[in-house]
Structure formats: structure tokens, C-alpha cells
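S.K.: Data: model_28.cif, mmCIF, C-alpha atoms (C1' of nucleotides).
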data_work
#
loop_
_atom_site.label_atom_id
_atom_site.label_comp_id
_atom_site.auth_asym_id
_atom_site.auth_seq_id
_atom_site.Cartn_x
_atom_site.Cartn_y
_atom_site.Cartn_z
CA MET J 1 10.85 -21.30 -17.24
CA GLY J 2 7.16 -20.45 -17.20
CA MET J 3 6.89 -16.73 -17.67
CA ALA J 4 3.36 -16.51 -19.05
CA ASP J 5 1.29 -13.90 -17.27
CA SER J 6 -0.85 -15.56 -14.65
CA GLY J 7 -3.26 -12.64 -14.70
CA LEU J 8 -3.30 -12.78 -10.91
CA ASN J 9 -2.69 -9.87 -8.63
CA ALA J 10 -0.82 -10.55 -5.42
CA THR J 11 -3.98 -10.68 -3.35
CA ALA J 12 -5.63 -13.25 -5.58
CA ALA J 13 -2.44 -15.26 -5.59
CA ALA J 14 -2.25 -15.21 -1.81
CA LEU J 15 -5.80 -16.53 -1.64
CA LEU J 16 -5.02 -19.33 -4.06
CA GLY J 17 -1.93 -20.15 -2.05
CA LEU J 18 -3.96 -20.44 1.13
CA LEU J 19 -6.56 -22.57 -0.60
CA HIS J 20 -3.91 -25.20 -1.31
CA GLU J 21 -4.50 -26.33 2.28
CA GLY J 22 -8.14 -27.04 1.66
CA PRO J 23 -11.51 -25.39 1.01
CA MET J 24 -12.31 -22.23 2.99
CA THR J 25 -14.95 -19.54 3.13
CA GLY J 26 -14.15 -15.85 2.78
CA GLY J 27 -14.13 -15.39 6.52
CA GLN J 28 -11.84 -18.33 7.05
CA LEU J 29 -9.52 -17.05 4.37
CA MET J 30 -9.45 -13.69 6.10
CA SER J 31 -8.41 -15.16 9.41
CA ALA J 32 -5.94 -17.58 7.87
CA ALA J 33 -4.34 -14.67 6.02
CA GLU J 34 -4.20 -12.59 9.15
CA ARG J 35 -2.62 -15.37 11.13
CA LYS J 36 -0.13 -16.68 8.60
CA LEU J 37 0.61 -13.68 6.42
CA GLY J 38 -0.61 -10.69 8.38
CA PRO J 39 2.71 -9.57 9.84
CA PHE J 40 4.25 -9.07 6.42
CA TRP J 41 1.26 -8.88 4.12
CA THR J 42 -1.78 -6.77 4.88
CA MET J 43 -5.05 -7.80 3.33
CA THR J 44 -8.49 -6.36 3.90
CA ARG J 45 -11.91 -7.96 3.84
CA SER J 46 -12.90 -5.75 0.96
CA GLN J 47 -10.15 -7.18 -1.17
CA VAL J 48 -10.87 -10.76 -0.26
CA TYR J 49 -14.55 -10.50 -1.02
CA ARG J 50 -13.80 -8.70 -4.27
CA GLU J 51 -11.28 -11.26 -5.52
CA LEU J 52 -13.19 -14.38 -4.61
CA PRO J 53 -16.01 -14.01 -7.17
CA ALA J 54 -13.44 -12.93 -9.75
CA LEU J 55 -11.43 -16.05 -9.05
CA ALA J 56 -14.60 -18.10 -9.45
CA ASP J 57 -15.39 -16.40 -12.77
CA ALA J 58 -11.91 -17.27 -13.98
CA GLY J 59 -12.47 -20.89 -13.00
CA TYR J 60 -9.62 -20.86 -10.50
CA VAL J 61 -11.86 -21.73 -7.57
CA ARG J 62 -15.10 -23.66 -7.26
CA LEU J 63 -18.00 -22.91 -4.95
CA GLY J 64 -19.19 -25.35 -2.34
CA LYS J 65 -22.57 -25.52 -0.65
CA PRO J 66 -23.38 -22.31 1.21
CA GLY J 67 -23.06 -22.70 4.97
CA PRO J 68 -24.47 -20.72 7.89
CA ARG J 69 -24.87 -16.98 7.44
CA ALA J 70 -24.62 -17.41 3.69
CA SER J 71 -20.95 -18.27 4.11
CA GLN J 72 -19.56 -19.57 0.89
CA PRO J 73 -16.81 -22.20 0.81
CA TYR J 74 -14.33 -22.06 -2.04
CA SER J 75 -11.95 -24.74 -3.16
CA ILE J 76 -9.07 -24.36 -5.59
CA SER J 77 -9.37 -26.01 -8.99
CA ALA J 78 -6.68 -27.64 -11.08
CA SER J 79 -6.45 -24.57 -13.29
CA GLY J 80 -6.25 -22.48 -10.15
CA LYS J 81 -3.21 -24.44 -9.04
CA ARG J 82 -1.69 -23.96 -12.46
CA ALA J 83 -2.33 -20.21 -12.33
CA PHE J 84 -0.76 -20.04 -8.90
CA ALA J 85 2.31 -21.90 -10.10
CA ARG J 86 2.59 -19.48 -13.00
CA TRP J 87 2.35 -16.58 -10.56
CA LEU J 88 5.14 -18.01 -8.46
CA SER J 89 7.44 -17.94 -11.44
CA GLU J 90 6.72 -14.34 -12.33
CA PRO J 91 9.28 -11.71 -11.46
CA VAL J 92 8.57 -9.98 -8.16
CA THR J 93 7.43 -6.40 -8.24
CA ARG J 94 9.79 -3.98 -6.58
CA ASP J 95 8.89 -3.82 -2.92
CA GLN J 96 7.56 -0.50 -1.89
CA MET J 97 7.78 1.23 1.39
CA ARG J 98 5.50 3.92 2.77
CA ASN J 99 6.43 4.53 6.36
CA PRO J 100 4.33 7.27 7.94
CA VAL J 101 6.54 7.68 11.00
CA THR J 102 9.66 8.12 8.95
CA LEU J 103 7.87 10.60 6.73
CA ARG J 104 7.13 12.73 9.76
CA VAL J 105 10.66 12.43 11.05
CA ALA J 106 11.92 13.70 7.72
CA PHE J 107 10.05 16.92 8.47
CA GLY J 108 11.26 16.91 12.06
CA LYS J 109 12.43 20.49 11.83
CA LEU J 110 8.80 21.57 11.48
CA HIS J 111 7.67 19.69 14.58
CA GLY J 112 7.29 21.03 18.06
CA ARG J 113 9.68 19.19 20.35
CA ASP J 114 7.09 17.34 22.40
CA GLN J 115 5.31 16.33 19.21
CA LEU J 116 8.36 14.40 18.13
CA ALA J 117 8.59 12.63 21.46
CA GLU J 118 4.95 11.63 21.22
CA LEU J 119 5.53 10.33 17.73
CA TYR J 120 8.43 8.18 18.87
CA GLY J 121 6.45 6.86 21.78
CA ALA J 122 3.53 5.82 19.61
CA ALA J 123 5.85 4.27 17.04
CA GLU J 124 7.73 2.30 19.67
CA LYS J 125 4.46 0.98 21.03
CA GLN J 126 3.26 -0.11 17.61
CA HIS J 127 6.48 -1.83 16.69
CA SER J 128 6.78 -3.57 20.03
CA GLU J 129 3.31 -4.97 19.75
CA ALA J 130 3.81 -6.00 16.15
CA LEU J 131 7.11 -7.61 17.08
CA ALA J 132 5.48 -9.69 19.79
CA GLU J 133 2.73 -10.77 17.44
CA ALA J 134 5.17 -11.73 14.72
CA ARG J 135 7.25 -13.73 17.19
CA ASP J 136 4.21 -15.64 18.40
CA ALA J 137 3.04 -16.34 14.89
CA ALA J 138 6.50 -17.54 13.90
CA LYS J 139 6.61 -19.85 16.90
CA ASP J 140 3.21 -21.28 15.96
CA ALA J 141 4.28 -21.85 12.40
CA ALA J 142 7.46 -23.57 13.49
CA ALA J 143 5.48 -25.75 15.89
CA ASP J 144 3.29 -26.74 12.94
CA GLY J 145 6.39 -27.77 11.04
CA ASP J 146 5.85 -24.96 8.56
CA THR J 147 9.46 -23.95 7.95
CA TYR J 148 8.68 -21.54 5.15
CA GLY J 149 5.85 -19.87 7.00
CA ALA J 150 8.08 -19.43 10.02
CA ALA J 151 10.85 -17.97 7.86
CA ALA J 152 8.45 -15.51 6.30
CA LEU J 153 7.16 -14.43 9.69
CA ASN J 154 10.73 -14.02 10.81
CA PHE J 155 11.11 -11.34 8.24
CA ALA J 156 8.55 -9.32 10.13
CA VAL J 157 10.40 -9.99 13.37
CA GLN J 158 13.62 -8.65 11.89
CA TYR J 159 11.83 -5.67 10.44
CA HIS J 160 10.33 -4.56 13.71
CA LYS J 161 13.58 -5.13 15.57
CA ALA J 162 15.36 -2.92 13.06
CA ALA J 163 12.65 -0.27 13.38
CA LEU J 164 12.87 -0.32 17.16
CA SER J 165 16.62 0.02 17.16
CA TRP J 166 16.40 2.84 14.64
CA LEU J 167 13.90 4.64 16.84
CA LYS J 168 16.36 4.62 19.74
CA SER J 169 18.88 6.54 17.68
CA ALA J 170 16.43 8.96 16.08
CA PRO J 171 17.14 12.65 16.68
CA ARG J 172 15.33 13.82 19.78
CA ALA J 173 15.37 17.50 19.02
CA MET S 1 -2.81 19.77 21.35
CA GLY S 2 -4.31 20.39 17.92
CA MET S 3 -6.17 17.27 16.90
CA ALA S 4 -8.51 18.80 14.35
CA ASP S 5 -8.59 16.81 11.14
CA SER S 6 -6.31 18.42 8.60
CA GLY S 7 -8.18 16.77 5.76
CA LEU S 8 -4.85 15.94 4.18
CA ASN S 9 -3.79 12.56 2.98
CA ALA S 10 -0.17 11.60 3.48
CA THR S 11 0.75 12.42 -0.09
CA ALA S 12 -0.69 15.90 0.08
CA ALA S 13 1.03 16.44 3.41
CA ALA S 14 4.37 15.34 1.99
CA LEU S 15 3.98 17.85 -0.82
CA LEU S 16 3.18 20.65 1.59
CA GLY S 17 6.18 19.65 3.67
CA LEU S 18 8.47 19.85 0.68
CA LEU S 19 7.01 23.19 -0.33
CA HIS S 20 8.21 24.68 2.97
CA GLU S 21 11.60 24.96 1.27
CA GLY S 22 10.26 27.18 -1.47
CA PRO S 23 8.06 27.18 -4.58
CA MET S 24 8.32 24.21 -6.91
CA THR S 25 6.63 22.80 -9.99
CA GLY S 26 5.12 19.33 -10.12
CA GLY S 27 8.19 17.93 -11.75
CA GLN S 28 10.49 19.51 -9.20
CA LEU S 29 8.33 18.17 -6.41
CA MET S 30 8.56 14.72 -7.93
CA SER S 31 12.33 14.77 -8.02
CA ALA S 32 12.64 16.34 -4.59
CA ALA S 33 10.37 13.65 -3.20
CA GLU S 34 12.33 10.92 -4.91
CA ARG S 35 15.61 12.25 -3.64
CA LYS S 36 14.67 13.10 -0.08
CA LEU S 37 11.80 10.72 0.69
CA GLY S 38 11.98 8.06 -1.99
CA PRO S 39 13.82 5.40 0.01
CA PHE S 40 11.09 5.24 2.64
CA TRP S 41 8.12 6.84 0.94
CA THR S 42 7.08 5.93 -2.57
CA MET S 43 5.15 8.51 -4.53
CA THR S 44 4.06 8.44 -8.14
CA ARG S 45 3.61 11.16 -10.72
CA SER S 46 -0.07 10.40 -10.88
CA GLN S 47 -0.52 11.16 -7.22
CA VAL S 48 1.47 14.36 -7.32
CA TYR S 49 -0.39 15.78 -10.27
CA ARG S 50 -3.71 14.76 -8.78
CA GLU S 51 -3.07 16.32 -5.37
CA LEU S 52 -1.63 19.59 -6.59
CA PRO S 53 -4.86 21.02 -8.08
CA ALA S 54 -6.78 19.75 -5.05
CA LEU S 55 -4.34 21.54 -2.78
CA ALA S 56 -4.83 24.69 -4.84
CA ASP S 57 -8.62 24.36 -4.60
CA ALA S 58 -8.32 24.09 -0.84
CA GLY S 59 -6.23 27.25 -0.78
CA TYR S 60 -3.20 25.45 0.64
CA VAL S 61 -0.95 26.33 -2.29
CA ARG S 62 -0.89 29.22 -4.73
CA LEU S 63 -0.04 29.07 -8.41
CA GLY S 64 2.83 31.05 -9.90
CA LYS S 65 3.37 32.01 -13.52
CA PRO S 66 3.52 28.99 -15.82
CA GLY S 67 7.02 28.22 -17.04
CA PRO S 68 8.36 26.21 -20.00
CA ARG S 69 6.39 23.10 -21.05
CA ALA S 70 3.38 24.42 -19.19
CA SER S 71 5.17 23.70 -15.94
CA GLN S 72 3.29 25.20 -13.05
CA PRO S 73 5.07 26.47 -9.95
CA TYR S 74 3.26 26.14 -6.63
CA SER S 75 4.02 27.90 -3.39
CA ILE S 76 2.62 27.06 0.01
CA SER S 77 0.19 29.51 1.58
CA ALA S 78 -0.21 30.44 5.23
CA SER S 79 -3.26 28.22 5.54
CA GLY S 80 -1.28 25.47 3.86
CA LYS S 81 1.35 25.74 6.57
CA ARG S 82 -1.36 25.60 9.18
CA ALA S 83 -2.90 22.52 7.59
CA PHE S 84 0.50 20.86 7.50
CA ALA S 85 1.09 21.63 11.16
CA ARG S 86 -2.29 20.12 11.96
CA TRP S 87 -1.38 17.03 9.99
CA LEU S 88 1.86 16.66 11.93
CA SER S 89 -0.10 16.48 15.16
CA GLU S 90 -2.49 13.82 13.94
CA PRO S 91 -1.99 10.26 15.13
CA VAL S 92 0.00 8.16 12.68
CA THR S 93 -1.80 5.47 10.78
CA ARG S 94 -0.59 1.96 11.52
CA ASP S 95 2.28 1.25 9.20
CA GLN S 96 1.57 -1.49 6.78
CA MET S 97 3.79 -3.91 5.11
CA ARG S 98 3.26 -5.76 1.85
CA ASN S 99 6.41 -7.59 0.99
CA PRO S 100 6.07 -9.62 -2.21
CA VAL S 101 9.24 -11.64 -1.67
CA THR S 102 8.21 -12.72 1.79
CA LEU S 103 4.77 -13.62 0.53
CA ARG S 104 6.36 -16.00 -1.95
CA VAL S 105 8.65 -17.45 0.67
CA ALA S 106 5.62 -18.19 2.83
CA PHE S 107 4.48 -20.50 0.04
CA GLY S 108 7.97 -21.90 -0.37
CA LYS S 109 6.73 -25.47 -0.20
CA LEU S 110 4.91 -24.91 -3.49
CA HIS S 111 8.02 -23.64 -5.28
CA GLY S 112 10.39 -25.57 -7.40
CA ARG S 113 13.84 -25.48 -5.80
CA ASP S 114 15.57 -23.38 -8.44
CA GLN S 115 12.66 -20.95 -8.39
CA LEU S 116 13.37 -20.16 -4.79
CA ALA S 117 17.05 -19.56 -5.52
CA GLU S 118 16.13 -17.18 -8.32
CA LEU S 119 13.77 -15.35 -6.04
CA TYR S 120 16.46 -14.88 -3.42
CA GLY S 121 18.93 -13.69 -6.03
CA ALA S 122 16.57 -11.07 -7.37
CA ALA S 123 15.64 -9.93 -3.89
CA GLU S 124 19.25 -9.60 -2.85
CA LYS S 125 19.97 -7.53 -5.91
CA GLN S 126 17.06 -5.20 -5.23
CA HIS S 127 17.89 -4.68 -1.61
CA SER S 128 21.58 -4.14 -2.28
CA GLU S 129 20.83 -1.47 -4.83
CA ALA S 130 18.26 0.17 -2.62
CA LEU S 131 20.68 0.07 0.29
CA ALA S 132 23.36 1.83 -1.72
CA GLU S 133 20.89 4.47 -2.85
CA ALA S 134 19.64 5.09 0.65
CA ARG S 135 23.19 5.39 1.95
CA ASP S 136 24.07 7.94 -0.70
CA ALA S 137 20.94 9.94 -0.05
CA ALA S 138 21.58 9.92 3.69
CA LYS S 139 25.12 11.13 3.13
CA ASP S 140 23.85 13.95 0.93
CA ALA S 141 21.29 14.98 3.52
CA ALA S 142 23.87 14.96 6.28
CA ALA S 143 26.20 17.05 4.12
CA ASP S 144 23.37 19.53 3.70
CA GLY S 145 23.06 19.75 7.46
CA ASP S 146 19.63 18.10 7.29
CA THR S 147 19.78 15.97 10.42
CA TYR S 148 16.17 14.86 10.27
CA GLY S 149 16.28 14.03 6.61
CA ALA S 150 19.40 11.97 7.19
CA ALA S 151 17.80 10.17 10.11
CA ALA S 152 14.75 9.34 8.02
CA LEU S 153 16.90 8.00 5.22
CA ASN S 154 18.79 5.96 7.73
CA PHE S 155 15.62 4.09 8.44
CA ALA S 156 15.72 2.83 4.89
CA VAL S 157 19.35 1.85 5.33
CA GLN S 158 18.51 -0.20 8.40
CA TYR S 159 15.55 -1.77 6.66
CA HIS S 160 17.53 -3.01 3.70
CA LYS S 161 20.33 -4.25 5.90
CA ALA S 162 17.82 -6.25 7.91
CA ALA S 163 16.25 -7.62 4.74
CA LEU S 164 19.63 -8.66 3.37
CA SER S 165 20.63 -10.42 6.55
CA TRP S 166 17.25 -12.16 6.68
CA LEU S 167 17.72 -13.34 3.12
CA LYS S 168 21.00 -15.05 4.06
CA SER S 169 19.20 -17.17 6.62
CA ALA S 170 16.14 -17.95 4.51
CA PRO S 171 15.42 -21.64 3.91
CA ARG S 172 17.12 -22.79 0.73
CA ALA S 173 15.00 -25.83 0.16
"C1'" DG R 1 -40.87 -19.81 24.49
"C1'" DG R 2 -39.44 -15.31 22.80
"C1'" DC R 3 -36.77 -11.20 22.95
"C1'" DG R 4 -32.76 -8.81 23.36
"C1'" DG R 5 -27.66 -7.85 22.27
"C1'" DG R 6 -23.44 -9.13 20.29
"C1'" DA R 7 -20.46 -11.56 17.12
"C1'" DC R 8 -19.90 -12.85 12.56
"C1'" DA R 9 -20.33 -13.40 7.05
"C1'" DG R 10 -20.77 -10.69 3.53
"C1'" DT R 11 -21.89 -6.15 0.79
"C1'" DA R 12 -21.39 -1.34 -0.59
"C1'" DC R 13 -19.08 2.65 -1.37
"C1'" DA R 14 -15.78 6.47 -1.23
"C1'" DC R 15 -11.24 7.53 -1.34
"C1'" DA R 16 -6.23 6.65 -2.11
"C1'" DA R 17 -2.32 4.56 -4.57
"C1'" DT R 18 -0.20 2.24 -8.55
"C1'" DG R 19 1.31 1.55 -13.24
"C1'" DG R 20 1.14 2.22 -17.81
"C1'" DA R 21 -0.23 4.84 -21.98
"C1'" DT R 22 -0.34 9.12 -24.12
"C1'" DC R 23 0.38 14.02 -25.59
"C1'" DG R 24 2.54 18.27 -26.33
"C1'" DT R 25 6.82 20.91 -25.80
"C1'" DC R 26 11.44 21.82 -25.65
"C1'" DG R 27 16.60 21.02 -26.57
"C1'" DA R 28 20.17 19.02 -28.94
"C1'" DA R 29 22.28 16.03 -32.24
"C1'" DA R 30 22.29 14.44 -36.98
"C1'" DT Y 1 15.88 21.74 -40.23
"C1'" DT Y 2 14.23 17.73 -39.17
"C1'" DT Y 3 14.04 14.18 -35.96
"C1'" DC Y 4 14.67 12.17 -31.78
"C1'" DG Y 5 14.67 11.84 -26.89
"C1'" DA Y 6 13.75 13.74 -22.45
"C1'" DC Y 7 10.57 15.98 -19.83
"C1'" DG Y 8 6.26 18.05 -17.72
"C1'" DA Y 9 1.83 16.92 -17.45
"C1'" DT Y 10 -2.65 14.23 -18.02
"C1'" DC Y 11 -5.63 10.11 -18.18
"C1'" DC Y 12 -7.33 5.77 -17.07
"C1'" DA Y 13 -7.89 1.05 -15.40
"C1'" DT Y 14 -6.90 -1.59 -11.64
"C1'" DT Y 15 -5.74 -2.38 -6.92
"C1'" DG Y 16 -5.72 -1.26 -1.99
"C1'" DT Y 17 -7.88 0.93 2.34
"C1'" DG Y 18 -11.36 2.28 5.62
"C1'" DT Y 19 -15.76 2.58 7.22
"C1'" DA Y 20 -20.45 1.89 7.40
"C1'" DC Y 21 -24.06 -1.14 6.61
"C1'" DT Y 22 -27.26 -5.65 6.00
"C1'" DG Y 23 -28.62 -9.79 7.40
"C1'" DT Y 24 -27.94 -14.06 10.23
"C1'" DC Y 25 -26.84 -16.82 13.93
"C1'" DC Y 26 -25.75 -17.59 18.88
"C1'" DC Y 27 -26.43 -16.94 23.61
"C1'" DG Y 28 -28.19 -15.30 27.89
"C1'" DC Y 29 -32.13 -13.82 29.98
"C1'" DC Y 30 -36.82 -12.77 31.56
#
The structure given in the file should be rewritten as C-alpha cells.

M.R.:
Amino acid sequence: MGMADSGLNATAAALLGLLHEGPMTGGQLMSAAERKLGPFWTMTRSQVYRELPALADAGYVRLGKPGPRASQPYSISASGKRAFARWLSEPVTRDQMRNPVTLRVAFGKLHGRDQLAELYGAAEKQHSEALAEARDAAKDAAADGDTYGAAALNFAVQYHKAALSWLKSAPRA
Amino acid sequence: MGMADSGLNATAAALLGLLHEGPMTGGQLMSAAERKLGPFWTMTRSQVYRELPALADAGYVRLGKPGPRASQPYSISASGKRAFARWLSEPVTRDQMRNPVTLRVAFGKLHGRDQLAELYGAAEKQHSEALAEARDAAKDAAADGDTYGAAALNFAVQYHKAALSWLKSAPRA
DNA sequence: GGCGGGACAGTACACAATGGATCGTCGAAA
DNA sequence: TTTCGACGATCCATTGTGTACTGTCCCGCC
């Protein structure tokens, strides 16, 4: 029952996880993350490019030969794999929710009526688009035989469906 | 259609929203936020105590007479109400999701089998508890005649229900 | 050829959010 | 009356977000 602290934050761990598939540059990691994890795990370039040198310092990744545009390939090391495995066995942090639409709805009494309608419209648009994206991504993952990836993406699908159905029942005025 | 930038971040706006119900100290704001917004909007003490002086500097809240334990009551000012109204009319930021359980599931192939079962168990526990809390809070809000508050809390209810049902179908191995 | 403009890799920085440690004050139990 | 625990508040290190910027490469075009 490995419980030793991996010293990884979730972002670093996600990068190490992705690197299990092979060496990638920062840009490639960004797009892989967006494609495979994006719908349920946001990650920004700033974070990626901050963690990568830190991971290298820790010896968890190794640098390859710089490519075009100074792009820098990274590959995971044996100790990186060990750190990732340790991270997997750590207890999950309580999942946190910060939903800006819901926050506004909570103060619905202070809205003008048309404001609320606009809010719902924008929210429905966002969730519909995100739902479509998540569905596509899940289909791709399934087609690749990536059962776990598809399952994870399905979480996002369920989330957006729930949000959409909640929106339909939200108080109009 | 007021689109002028309110200059408020979501946390500051939430505080101003809560202060529409009357003057409160930092501690009272914390508990009010936890009770009424907690299930769909996490907020930490650090944030609250950082925003409050900033809000006072901006003239959006006024300080009352210090109470016991140096507790400091704040009341919203007219310009604070205006700033809040402006914030309400701003476009919502894209809602972002960072779900640590799902992230681990995405790397399910790299888990040991019993690790995955443990993960699901812990996640189910968390969501069940959160679901119960959200339900209670929604009931309280409804009993208070706070339709919007109840609707907002119902979002959390739907979310946790969706998460729980997703967990049941998640790949076991 | 050479000179645009645009896409892309990476950097920089300011601001926001999180979590944990700490400190003084107050109330109540021992 | 002392001590202990809860509470209000503060601080700080780390993490996350958003935007603007640098340089480089590609491609079409004259």
C-alpha cells in the first residue's frame, strides 16, 4: 500500500501519465492533454511549461534533442514512472466545484428578468458545445481501444447532460 | 445593457451578493457562503479575508464597529450594489472542470486492480456525502422561500447524482 | 530569390485560488 | 483559575488562470 508522498501535483502527474505513451514536447503534451483529458481536466500552457523543467530537475523526465522552434522533447524516466505510480496510490483530493452560472442563479432575485434569460441561453450554448466535444472525444478514445480514456470522457458527457437538464428546470423569473 | 467591467472577481462578487442580506463579519460571510453556496461554489477563508479589505478600499463595503475577537462587520455600500449589478451583467467565464477521480480513471490502465476499486469506493463515499449535504441545503433554502438559492443548490444535487451513476458504470478492470 | 503574414513553441508576468500554519481572544469545563 | 478548544483573523508557499509577448518556421506571393 504505497502511501509515500509522490511530491507531484495533479498537473505534473497528468504530464507523467501522458508521457507513458512516449516522448513528447511541451506543445504535443498540451494538445494531447486537451484531446484526451480536456473535457474533465483543464490545463493551461503556463502550467505545462512551468512543470516540465521542474519535472526534469527532479529527474522524472529526461530531455531529448531540441527540435524545430526550440521545441524540447521530454521522455519519462524510470523514477518518473515510480513517482507516477506513487501518485496513483495517494488519496484523491476532495473534488471542488466552482460553477459561475450557478453562482449567478443563486442571486437570481437580484437579476433583471431578461438578464437571467440571457444567462441561461449562454449556459445552454456552452454546455451543448462541450457535450458534443466530449462525445466526439469519447468516441475517438473508444475507437482507439482506450476503454479507460473513453470512460473518463464519459464522465464529462454525463456532467453536461445533467447541467443541460438542470437548466431546463431552472426558475425563469 | 451594462457591459462595463465591474473589476470584481467572482469571489468578491459572491461576497457582495451575500452582503445584500445585511451586514456581516468575515466569519459570518464564510459560514453563509458555505451554507448557501458551498455545494457549487468553493470559497476559502484566505480568499474571503483577502477580498474584504480590497472591497473596502474600493468603497464597495463599509466597516462597522469591531466586535468580539476583533471581528469586523462589513456592510455593502450603494456603489457596491452598483458594482455587483454590473458584475451580474458580465458574460460568464467558461466553466472549468478539474475532476481528480476522473483524471485517475483516464490512466486506469496504469493502476493496479485493487487500487481502482479503492478509488471508486472513496469517490462514491465523497459524492454520497456531498449529495446528502446538497439535498439538505436545498431543502433549507426552499423552506426559507429562497427559490433561486434552492435551484442553485439543486444543480449540485444533479451533479452528484450524475457522478454516482457514472461511477456505477465505470470500468472495473 | 526575398519579403510578407500567420501559425506555432515557448516565455513572462500579474492575478486568483488553495491549503496549511499560526496567533490572539473568548467561553466553558475541569 | 487555569487550561483547553473553538473561533476570527492573518500569513505564506504553492498552484492555477489569462493574456501578452518573443522568436522561429512555413507558406504564398511578387

S.K.: Pull out every residue of chain J sitting within 8 Å of chain Y, counting all atoms listed in the file, and send them as a list in words.

M.R.: Thr44, Gln47, Pro68 and Arg69 of chain J

S.K.: Please report as a list of chain:residue names which residues of chain S come no farther than 12 Å from chain R, using only C-alpha atoms (C1' of nucleotides).

M.R.: S:Leu8, S:Asn9, S:Ala10, S:Thr11, S:Ala12, S:Thr42, S:Met43, S:Thr44, S:Arg45, S:Ser46, S:Gln47, S:Val48, S:Arg50, S:Glu51, S:Gly67, S:Pro68, S:Arg69, S:Ala70, S:Ser71

S.K.: Near chain J, which residues of chain S fall within 8 Å when you count only C-alpha atoms, and what do they look like as a VMD selection string?

M.R.: chain S and resid 10 14 17 37 39 to 42 85 88 to 89 91 to 111 115 119 126 147 to 155 158 to 159 162 to 163 166 170 to 171

S.K.: Figure out the distance between atom CA of J:Val61 and atom CA of S:Asp114, please, to one decimal in Å.

M.R.: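 Between these atoms lies a distance of 27.5 Å.
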
S.K.: Between atom CA of J:Arg82 and atom CA of J:Ala137, what is the distance, to one decimal in Å?

M.R.: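 These two atoms are separated by 28.8 Å.
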
S.K.: I need the residue nearest J:Ser6 from this list: J:Ala54, J:Met30, J:Ala83, J:Leu19. Use all atoms listed in the file for the distance.

M.R.: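 Of J:Ala54, J:Met30, J:Ala83, J:Leu19, the one nearest J:Ser6 is J:Ala83, counting all atoms listed in the file.
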
S.K.: What is the distance, in Å and to one decimal place, between atom CA of J:Ala33 and atom CA of J:Tyr49?

M.R.: 13.1 Å

S.K.: Do you know which residues are at most 8 Å from S:Ser75 counting only C-alpha atoms (C1' of nucleotides), after dropping those on the same chain fewer than 2 positions away, and could you put them as a count of residues only?

M.R.: 10

S.K.: Kindly provide, as AutoDock Vina command-line options, the centre and edge lengths (Å, one decimal) of an axis-aligned box around all atoms of stretch 135-151 of chain S given in the file, with 5 Å on each side.

M.R.:
--center_x 21.2 --center_y 12.6 --center_z 4.9 --size_x 20.0 --size_y 24.4 --size_z 21.1
